[in-house]
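Encoded as structure tokens, the structure appears first; notes follow it.
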Amino acid sequence: MQIEIDATDRQLLKALQDNARLTTGELAALVGMSQSPCWRRVKRLEDAGLIVGYQARLDRRALGYGVMAFVTISIDSQNEDHSLEFERAVRDIPEVVMCHGVSGPEDFVLVVVSQDLDSYSQLMQTKLRRLPGVKMMRTSFSMQEVKGLDGMPMPG
């Protein structure tokens with residue numbers, strides 16, 4: 001559902017994106033309104049699908065994932081059944097933290113984490129290369145994260 005958002009909605013979204021643990025009282029104080037109207041606005045934003053969940057951002061390195069790789073994959077058939085089979089299989093690999101169907105010469109881009117290069121090599125051989133329909137696979141390793149997924153920009 002598409003809804004109009006105003007400056008107060010944008011403030012709420014930005015505040016929650018920065019710290020989803022804020023209480024309704026803290027949010028209300030930030031935007032200069034009382035708790036009940038603030039709660040109703042947040043509920044409206046949730047119901048409209050602008051807020052799709054609340055979660056903690058985890059540090060991959062602190063969890064032991066020292067390697068982040070971007071894997072481009074071409075599959076051997078472009079029909080819907082083959083693509084869906086590939087997509088289902090990708091969802092079952094926990095180390096694949098993102099997967100996007102893309103335009104261009106490749107069909108999918110995966111963001112993959114692993115403990116080290118040896119564990120990435122093992123993952124590639126035992127899981128990624130065995131995904132349904134993989135025709136070509138290319139890996140680029142992240143050498144430096146300049147900007148991560150810290151949040152969505154607020155529309156004007």
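In the structure tokens, chains take the letters A, B, ... in the order shown, each chain's residues start at 1, and ligands count up from 1 in the order shown.
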
Dump as a Markdown table the rows for residues of range 18-88 of chain A within 10 Å of range 108-131 of chain A: closest atom pair and distance in Å with one decimal, only C-alpha atoms counted, ordered by chain and rising residue number.
```
| residue | atom | partner | partner_atom | distance |
| --- | --- | --- | --- | --- |
| A:Arg60 | CA | A:Val113 | CA | 7.9 |
| A:Arg61 | CA | A:Gln115 | CA | 8.5 |
| A:Leu63 | CA | A:Gln115 | CA | 8.8 |
| A:Gly64 | CA | A:Gln115 | CA | 5.6 |
| A:Tyr65 | CA | A:Gln115 | CA | 4.1 |
| A:Gly66 | CA | A:Gln115 | CA | 5.1 |
| A:Val67 | CA | A:Ser114 | CA | 5.2 |
| A:Met68 | CA | A:Val113 | CA | 4.6 |
| A:Ala69 | CA | A:Val112 | CA | 5.1 |
| A:Phe70 | CA | A:Val111 | CA | 4.8 |
| A:Val71 | CA | A:Leu110 | CA | 5.0 |
| A:Thr72 | CA | A:Val109 | CA | 4.5 |
| A:Ile73 | CA | A:Phe108 | CA | 5.2 |
| A:Ser74 | CA | A:Phe108 | CA | 6.6 |
| A:Ile75 | CA | A:Phe108 | CA | 8.4 |
| A:Ser83 | CA | A:Phe108 | CA | 9.7 |
| A:Glu85 | CA | A:Leu131 | CA | 8.8 |
| A:Phe86 | CA | A:Leu131 | CA | 6.3 |
| A:Glu87 | CA | A:Leu131 | CA | 9.1 |
| A:Arg88 | CA | A:Leu131 | CA | 9.7 |
```

Kindly save the residues from that selection, with N, CA, C and O atoms included, as a tab-separated table (two decimals), in the first residue's frame.
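And here's again_17.tsv as it stands now:
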```tsv
chain	number	residue	atom	x	y	z
A	60	ARG	N	29.86	-9.00	11.24
A	60	ARG	CA	30.28	-10.29	10.67
A	60	ARG	C	31.66	-10.70	11.17
A	60	ARG	O	31.90	-11.88	11.44
A	61	ARG	N	32.56	-9.74	11.33
A	61	ARG	CA	33.91	-10.08	11.79
A	61	ARG	C	33.90	-10.58	13.23
A	61	ARG	O	34.60	-11.53	13.57
A	63	LEU	N	31.60	-12.17	14.54
A	63	LEU	CA	31.03	-13.52	14.48
A	63	LEU	C	31.98	-14.52	13.82
A	63	LEU	O	31.65	-15.69	13.71
A	64	GLY	N	33.15	-14.05	13.38
A	64	GLY	CA	34.15	-14.95	12.79
A	64	GLY	C	34.12	-15.03	11.28
A	64	GLY	O	34.80	-15.88	10.69
A	65	TYR	N	33.35	-14.15	10.61
A	65	TYR	CA	33.30	-14.16	9.15
A	65	TYR	C	34.22	-13.08	8.61
A	65	TYR	O	33.83	-11.95	8.38
A	66	GLY	N	35.49	-13.45	8.40
A	66	GLY	CA	36.49	-12.50	7.94
A	66	GLY	C	36.45	-12.23	6.45
A	66	GLY	O	37.07	-11.29	5.97
A	67	VAL	N	35.74	-13.05	5.70
A	67	VAL	CA	35.70	-12.92	4.24
A	67	VAL	C	34.29	-12.59	3.80
A	67	VAL	O	33.32	-13.22	4.24
A	68	MET	N	34.20	-11.58	2.94
A	68	MET	CA	32.94	-11.26	2.26
A	68	MET	C	33.22	-11.31	0.77
A	68	MET	O	34.19	-10.70	0.29
A	69	ALA	N	32.40	-12.05	0.05
A	69	ALA	CA	32.59	-12.21	-1.39
A	69	ALA	C	31.32	-11.84	-2.14
A	69	ALA	O	30.22	-12.02	-1.64
A	70	PHE	N	31.53	-11.31	-3.34
A	70	PHE	CA	30.44	-11.02	-4.26
A	70	PHE	C	30.57	-12.02	-5.39
A	70	PHE	O	31.60	-12.07	-6.07
A	71	VAL	N	29.56	-12.85	-5.55
A	71	VAL	CA	29.61	-13.94	-6.51
A	71	VAL	C	28.58	-13.70	-7.59
A	71	VAL	O	27.38	-13.59	-7.29
A	72	THR	N	29.04	-13.56	-8.83
A	72	THR	CA	28.11	-13.43	-9.95
A	72	THR	C	27.94	-14.80	-10.59
A	72	THR	O	28.91	-15.54	-10.77
A	73	ILE	N	26.68	-15.13	-10.89
A	73	ILE	CA	26.37	-16.44	-11.42
A	73	ILE	C	25.49	-16.31	-12.65
A	73	ILE	O	24.53	-15.54	-12.65
A	74	SER	N	25.83	-17.06	-13.68
A	74	SER	CA	24.97	-17.24	-14.84
A	74	SER	C	24.42	-18.64	-14.77
A	74	SER	O	25.16	-19.59	-14.46
A	75	ILE	N	23.13	-18.78	-15.02
A	75	ILE	CA	22.55	-20.12	-15.04
A	75	ILE	C	22.31	-20.53	-16.49
A	75	ILE	O	22.23	-19.69	-17.39
A	83	SER	N	14.96	-20.86	-12.79
A	83	SER	CA	15.29	-19.73	-11.91
A	83	SER	C	14.74	-19.96	-10.51
A	83	SER	O	15.43	-19.72	-9.52
A	85	GLU	N	14.04	-22.81	-9.05
A	85	GLU	CA	14.79	-23.89	-8.42
A	85	GLU	C	16.11	-23.35	-7.86
A	85	GLU	O	16.50	-23.67	-6.73
A	86	PHE	N	16.80	-22.52	-8.63
A	86	PHE	CA	18.04	-21.89	-8.18
A	86	PHE	C	17.78	-21.04	-6.93
A	86	PHE	O	18.48	-21.14	-5.93
A	87	GLU	N	16.74	-20.21	-6.99
A	87	GLU	CA	16.42	-19.31	-5.88
A	87	GLU	C	16.10	-20.08	-4.60
A	87	GLU	O	16.54	-19.69	-3.51
A	88	ARG	N	15.34	-21.15	-4.71
A	88	ARG	CA	15.03	-21.98	-3.53
A	88	ARG	C	16.30	-22.56	-2.92
A	88	ARG	O	16.48	-22.56	-1.71
```

Exercise. Please run DSSP on the backbone and report, as JSON, numbers by chain, all residues within chain A that come out as alpha helix (DSSP H).
Key: {"A": [7, 8, 9, 10, 11, 12, 13, 14, 15, 16, 17, 18, 24, 25, 26, 27, 28, 29, 30, 31, 35, 36, 37, 38, 39, 40, 41, 42, 43, 44, 45, 46, 47, 80, 81, 82, 83, 84, 85, 86, 87, 88, 89, 90, 91, 117, 118, 119, 120, 121, 122, 123]}

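You will find CA of Asp9 in chain A at 19.7 Å from CA of Gln55 in chain A.
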
_Distance query range 18-21 of chain A at most 12 Å, only C-alpha atoms, self and fewer than 6 positions along chain excluded, as a PyMOL selection string_ = chain A and resi 11-12+27+42+51-57+149-153

Could you write those residues out with C-alpha atoms, as a PDB file, in the first residue's frame?
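See result-v7.pdb below for the written result:
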```pdb
ATOM      1  CA  GLN A  11      11.834  11.685  11.313  1.00  0.00           C
ATOM      2  CA  LEU A  12      10.264   8.572  12.832  1.00  0.00           C
ATOM      3  CA  LEU A  27      10.345   8.503  19.701  1.00  0.00           C
ATOM      4  CA  VAL A  42       4.478   4.073  13.674  1.00  0.00           C
ATOM      5  CA  ILE A  51       8.662  -0.706   8.258  1.00  0.00           C
ATOM      6  CA  VAL A  52       9.035  -4.411   7.510  1.00  0.00           C
ATOM      7  CA  GLY A  53      10.662  -5.561  10.727  1.00  0.00           C
ATOM      8  CA  TYR A  54      13.044  -4.800  13.543  1.00  0.00           C
ATOM      9  CA  GLN A  55      16.376  -6.522  13.817  1.00  0.00           C
ATOM     10  CA  ALA A  56      19.854  -6.122  15.223  1.00  0.00           C
ATOM     11  CA  ARG A  57      22.738  -5.491  12.831  1.00  0.00           C
ATOM     12  CA  LEU A 149      23.875  -1.153   4.238  1.00  0.00           C
ATOM     13  CA  ASP A 150      23.324   1.279   7.090  1.00  0.00           C
ATOM     14  CA  GLY A 151      19.852   2.321   6.057  1.00  0.00           C
ATOM     15  CA  MET A 152      17.658   3.760   3.387  1.00  0.00           C
ATOM     16  CA  PRO A 153      17.813   7.444   2.474  1.00  0.00           C
TER      17      PRO A 153
END
```

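Note that the spacing between CA of Asp6 in chain A and CA of Gly156 in chain A amounts to 9.2 Å.
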
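Minimum atom-to-atom distance to Asp59 in chain A, evaluated using only C-alpha atoms, belongs to A:Gly148 out of A:Ser36, A:Gly148, A:Met154, A:Asn79.
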
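CA of Gln35 in chain A sits 9.4 Å away from CA of Thr23 in chain A.
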
Counting only C-alpha atoms, closest pick from A:Ala48, A:Ala89, A:Leu13, A:Met137 relative to Pro105 in chain A is A:Met137

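Checking A:Met33, A:Ala62, A:Leu16, A:Leu45 one by one against Gln2 in chain A, counting only C-alpha atoms, you find the shortest gap at A:Leu45.
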
Could you pull out the strand (DSSP E) residues of chain A from DSSP and send them as a ChimeraX atom specification? /A:67-75,96-101,108-114,134-141

Atoms to include: N, CA and C atoms. Write the selected residues as a compact mmCIF listing (two decimals), in the first residue's frame.
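Written file, result_19.txt:
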```txt
# COMPACT_ATOMS: atom_id res chain seq x y z
N VAL A 67 35.74 -13.05 5.70
CA VAL A 67 35.70 -12.92 4.24
C VAL A 67 34.29 -12.59 3.80
N MET A 68 34.20 -11.58 2.94
CA MET A 68 32.94 -11.26 2.26
C MET A 68 33.22 -11.31 0.77
N ALA A 69 32.40 -12.05 0.05
CA ALA A 69 32.59 -12.21 -1.39
C ALA A 69 31.32 -11.84 -2.14
N PHE A 70 31.53 -11.31 -3.34
CA PHE A 70 30.44 -11.02 -4.26
C PHE A 70 30.57 -12.02 -5.39
N VAL A 71 29.56 -12.85 -5.55
CA VAL A 71 29.61 -13.94 -6.51
C VAL A 71 28.58 -13.70 -7.59
N THR A 72 29.04 -13.56 -8.83
CA THR A 72 28.11 -13.43 -9.95
C THR A 72 27.94 -14.80 -10.59
N ILE A 73 26.68 -15.13 -10.89
CA ILE A 73 26.37 -16.44 -11.42
C ILE A 73 25.49 -16.31 -12.65
N SER A 74 25.83 -17.06 -13.68
CA SER A 74 24.97 -17.24 -14.84
C SER A 74 24.42 -18.64 -14.77
N ILE A 75 23.13 -18.78 -15.02
CA ILE A 75 22.55 -20.12 -15.04
C ILE A 75 22.31 -20.53 -16.49
N VAL A 96 25.08 -17.41 2.32
CA VAL A 96 24.61 -16.46 1.31
C VAL A 96 23.68 -15.50 2.03
N VAL A 97 24.18 -14.29 2.29
CA VAL A 97 23.41 -13.34 3.08
C VAL A 97 22.53 -12.43 2.22
N MET A 98 22.82 -12.37 0.94
CA MET A 98 21.98 -11.64 -0.01
C MET A 98 22.06 -12.32 -1.36
N CYS A 99 20.97 -12.24 -2.10
CA CYS A 99 20.95 -12.75 -3.47
C CYS A 99 20.01 -11.87 -4.27
N HIS A 100 20.50 -11.39 -5.39
CA HIS A 100 19.70 -10.54 -6.27
C HIS A 100 19.73 -11.09 -7.69
N GLY A 101 18.56 -11.13 -8.32
CA GLY A 101 18.50 -11.36 -9.76
C GLY A 101 18.84 -10.03 -10.41
N PHE A 108 22.50 -13.63 -11.51
CA PHE A 108 22.37 -13.42 -10.07
C PHE A 108 23.68 -12.87 -9.49
N VAL A 109 23.54 -12.07 -8.44
CA VAL A 109 24.69 -11.65 -7.64
C VAL A 109 24.40 -12.08 -6.21
N LEU A 110 25.34 -12.79 -5.62
CA LEU A 110 25.23 -13.26 -4.25
C LEU A 110 26.25 -12.53 -3.40
N VAL A 111 25.87 -12.21 -2.17
CA VAL A 111 26.82 -11.72 -1.18
C VAL A 111 26.99 -12.87 -0.21
N VAL A 112 28.24 -13.31 -0.06
CA VAL A 112 28.55 -14.52 0.70
C VAL A 112 29.57 -14.18 1.78
N VAL A 113 29.39 -14.73 2.97
CA VAL A 113 30.38 -14.58 4.04
C VAL A 113 30.95 -15.95 4.38
N SER A 114 32.22 -15.93 4.79
CA SER A 114 32.85 -17.15 5.26
C SER A 114 33.95 -16.78 6.25
N VAL A 134 23.98 -23.85 -12.57
CA VAL A 134 25.11 -22.93 -12.63
C VAL A 134 25.94 -23.22 -13.87
N LYS A 135 26.04 -22.19 -14.71
CA LYS A 135 26.84 -22.30 -15.94
C LYS A 135 28.19 -21.62 -15.74
N MET A 136 28.17 -20.45 -15.10
CA MET A 136 29.39 -19.68 -14.88
C MET A 136 29.30 -19.01 -13.53
N MET A 137 30.44 -18.95 -12.87
CA MET A 137 30.49 -18.33 -11.56
C MET A 137 31.79 -17.53 -11.46
N ARG A 138 31.67 -16.31 -10.94
CA ARG A 138 32.85 -15.45 -10.78
C ARG A 138 32.78 -14.83 -9.39
N THR A 139 33.92 -14.83 -8.69
CA THR A 139 33.97 -14.31 -7.32
C THR A 139 34.89 -13.10 -7.24
N SER A 140 34.41 -12.06 -6.56
CA SER A 140 35.24 -10.91 -6.21
C SER A 140 35.18 -10.79 -4.69
N PHE A 141 36.33 -10.60 -4.07
CA PHE A 141 36.39 -10.49 -2.62
C PHE A 141 36.41 -9.03 -2.20
```

Of the candidates A:Ala15, A:Asp47, A:Gly104, A:Thr8, which shows the shortest atom-to-atom distance to Gly32 in chain A, using only C-alpha atoms?
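Looking only at the distances to Gly32 in chain A, the closest residue turns out to be A:Thr8.
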
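Distance annotation: of A:Pro94, A:Pro155, A:Gly49, A:Pro132, the residue with the minimal separation from Arg10 in chain A is A:Pro155; atom set is only C-alpha atoms.
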